[in-house]
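Notes follow once the structure below has been shown.
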Amino acid sequence: GTVIGSGPPAGAGSEERALRHAECSLAIMCEITGGRCVAVTGMRALLQNMESLVARMAPAVALNFVHAGRVAENLVVPSNTHLRRRLLFTRQLAGFTAGVWPIPEVFNVGASTDKLPPRDAHPTLYFSLAEAEVPVFPSGFPVDKYDVEQCGLNALLLQTHSSNACWQVSPPLLDRKGELKKGEPCGYLKLNTTTNCVSLYLLPYNYPALLHLVNQLLKLPPAAKLTPPRTWLVDMERYCNSLPACYLAPLKTSLRRLNIAPRCVPTLPEGGLAFAAANYLKRVKQQARAELEMQM
């Protein structure tokens with residue numbers, strides 16, 4: 001039989017079956033990268049799997065979704081196991097950006113970090129089923145939008161959908177005691193009821209607080225954009241201090257697009273890494289680039 005990493009299409013019948021880890025080492029790698037390993041024994045199933053593979057040949061990253069929060073009695077929430085390694089298609093969609101806002105690491109990387117801790121291969125986002133209003137940022141502010149592959153999220157959000165509602169997502173973060181907790185919202189999930197497609201919108205960490213600050217400043221005379229009041233600067237500094245360092249550079253650029261003084265956001269080299277960690281990251285990038293060039 002032919003082994004293909006893909007999801008099993010409907011109607012393939014007995015001409016294919018999913019392979020277990022013990023049967024094929026490729027099954028583990030397919031699962032880790034967001035696919036599945038299928039043994040095909042007939043031409044009909046082979047063609048259907050090839051068609052499925054072509055449809056999935058788009059730039060994508062794997063992401064873990066984990067439900068956190070209370071669930072209404074009438075809702076059926078899929079197991080978190082079934083929401084692991086879901087693909088985000090990273091093609092740029094009309095009217096939105098892609099790749100501006102990061103998903104923060106579980107650990108906090110700052111100027112005192114001398115080495116990078118171990119990390120999971122795929123980022124994780126907690127999602128809540130409590131409905132929230134869709135945030136409206138001023139025109140020109142970047143909002144990353146990614147389509148999520150069909151999974152249990154689609155049926156789940158269809159059960160809870162109402163107009164102009166979204167479901168916030170938050171990253172897991174380690175607190176000072178080293179315990180994992182749910183961080184502040186960094187985006188939201190939204191369902192398109194026409195296509196039944198779920199999209200992930202990524203924004204700055206704790207975007208409700210930032211949106212409040214931006215709206216406060218825009219209500220003032222235009223000159224306040226370049227010379228914000230002292231009280232506003234204090235609140236903005238407090239907000240920036242609560243951010244993972246990886247957000248500071250894109251936030252500074254995004255505020256500049258709104259003609260808001262970017263000096264209110266501190267500048268940190270290499271995402272705020274210490275000298276030793278920045279050098280280590282630089283060497284890893286150079287090594288990865290060299291290995292890629294050798295394979296080409």
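The way I read the labels, and the way they are meant: chains A, B, ... in the order of the structure tokens, residue 1 as the first residue of every chain, and ligand 1 as the first ligand shown, with later ones counted on from there.
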
- Message: Residues within 8 Å of Pro102 in chain A, please, as a list in words. Count only C-alpha atoms; anything in the same chain fewer than 2 positions from it doesn't count.
- Response: Gly99, Val100, Pro104, Leu202, Cys246 and Tyr247 of chain A

For the selection just defined, write its residues with C-alpha atoms to a file, as a PDB file, in the first residue's frame.
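Written output follows (selection07.pdb):
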ATOM      1  CA  GLY A  99       2.574  37.678  10.775  1.00  0.00           C
ATOM      2  CA  VAL A 100       2.488  40.998  12.667  1.00  0.00           C
ATOM      3  CA  PRO A 104       3.926  34.617  23.306  1.00  0.00           C
ATOM      4  CA  LEU A 202      -4.460  37.809  16.560  1.00  0.00           C
ATOM      5  CA  CYS A 246       8.160  40.136  21.737  1.00  0.00           C
ATOM      6  CA  TYR A 247       5.216  42.565  21.375  1.00  0.00           C
TER       7      TYR A 247
END

- Nearby residues (only C-alpha atoms) at most 7 Å from Lys190 in chain A, same-chain spacing under 4 positions excluded, as a PyMOL selection string: chain A and resi 166-167+198-200

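With only C-alpha atoms as the atoms that count, the residue of A:Ile28, A:Val169, A:Val54, A:Leu93 with the shortest distance to Val66 in chain A is A:Val169.
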
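Neighbours of Pro228 in chain A closer than or equal to 12 Å, with only C-alpha atoms counted and sequence neighbours fewer than 4 positions away skipped, come out as Leu213, Val214, Gln216, Leu217, Leu218, Lys219, Leu220, Pro221, Pro222, Ala223, Ala224, Trp232, Leu233, Val234, Asp235, Met236, Asn259, Ile260, Ala261, Pro262, Arg263 and Cys264 of chain A.
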
- Message: Just want the 12 Å neighbourhood of Ser139 in chain A, counted on only C-alpha atoms, with same-chain residues fewer than 6 positions away dropped. Output as a VMD selection string.
- Response: chain A and resid 95 to 96 214 254 to 255 257 to 259

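For range 177-188 of chain A, the residues within 7 Å (counting only C-alpha atoms, excluding itself and residues fewer than 3 positions away along the chain) are Cys166, Trp167, Gln168, Val169, Ser170, Pro171, Pro172, Leu173, Leu174, Leu200, Tyr201, Leu202, Leu203, Pro204, Tyr205, Asn206 and Tyr207 of chain A.
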
- Please identify all polymer residues within 7 Å of Thr97 in chain A, counting only C-alpha atoms, omitting same-chain residues fewer than 6 positions from it, and present them as a PyMOL selection string. chain A and resi 142-145

- DSSP says strand (DSSP E) for which residues of range 30-275 of chain A? Put them as a ChimeraX atom specification? /A:37-40,60-67,86-89,124-133,144-148,165-170,172-174,180-182,187-192,197-202

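We find CA of Asn64 in chain A and CA of Asn154 in chain A to be spaced 15.0 Å apart.
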
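If you measure from each of A:Ala58, A:Leu26, A:Leu251, A:Pro118 to Tyr239 in chain A using only C-alpha atoms, the closest one turns out to be A:Leu251.
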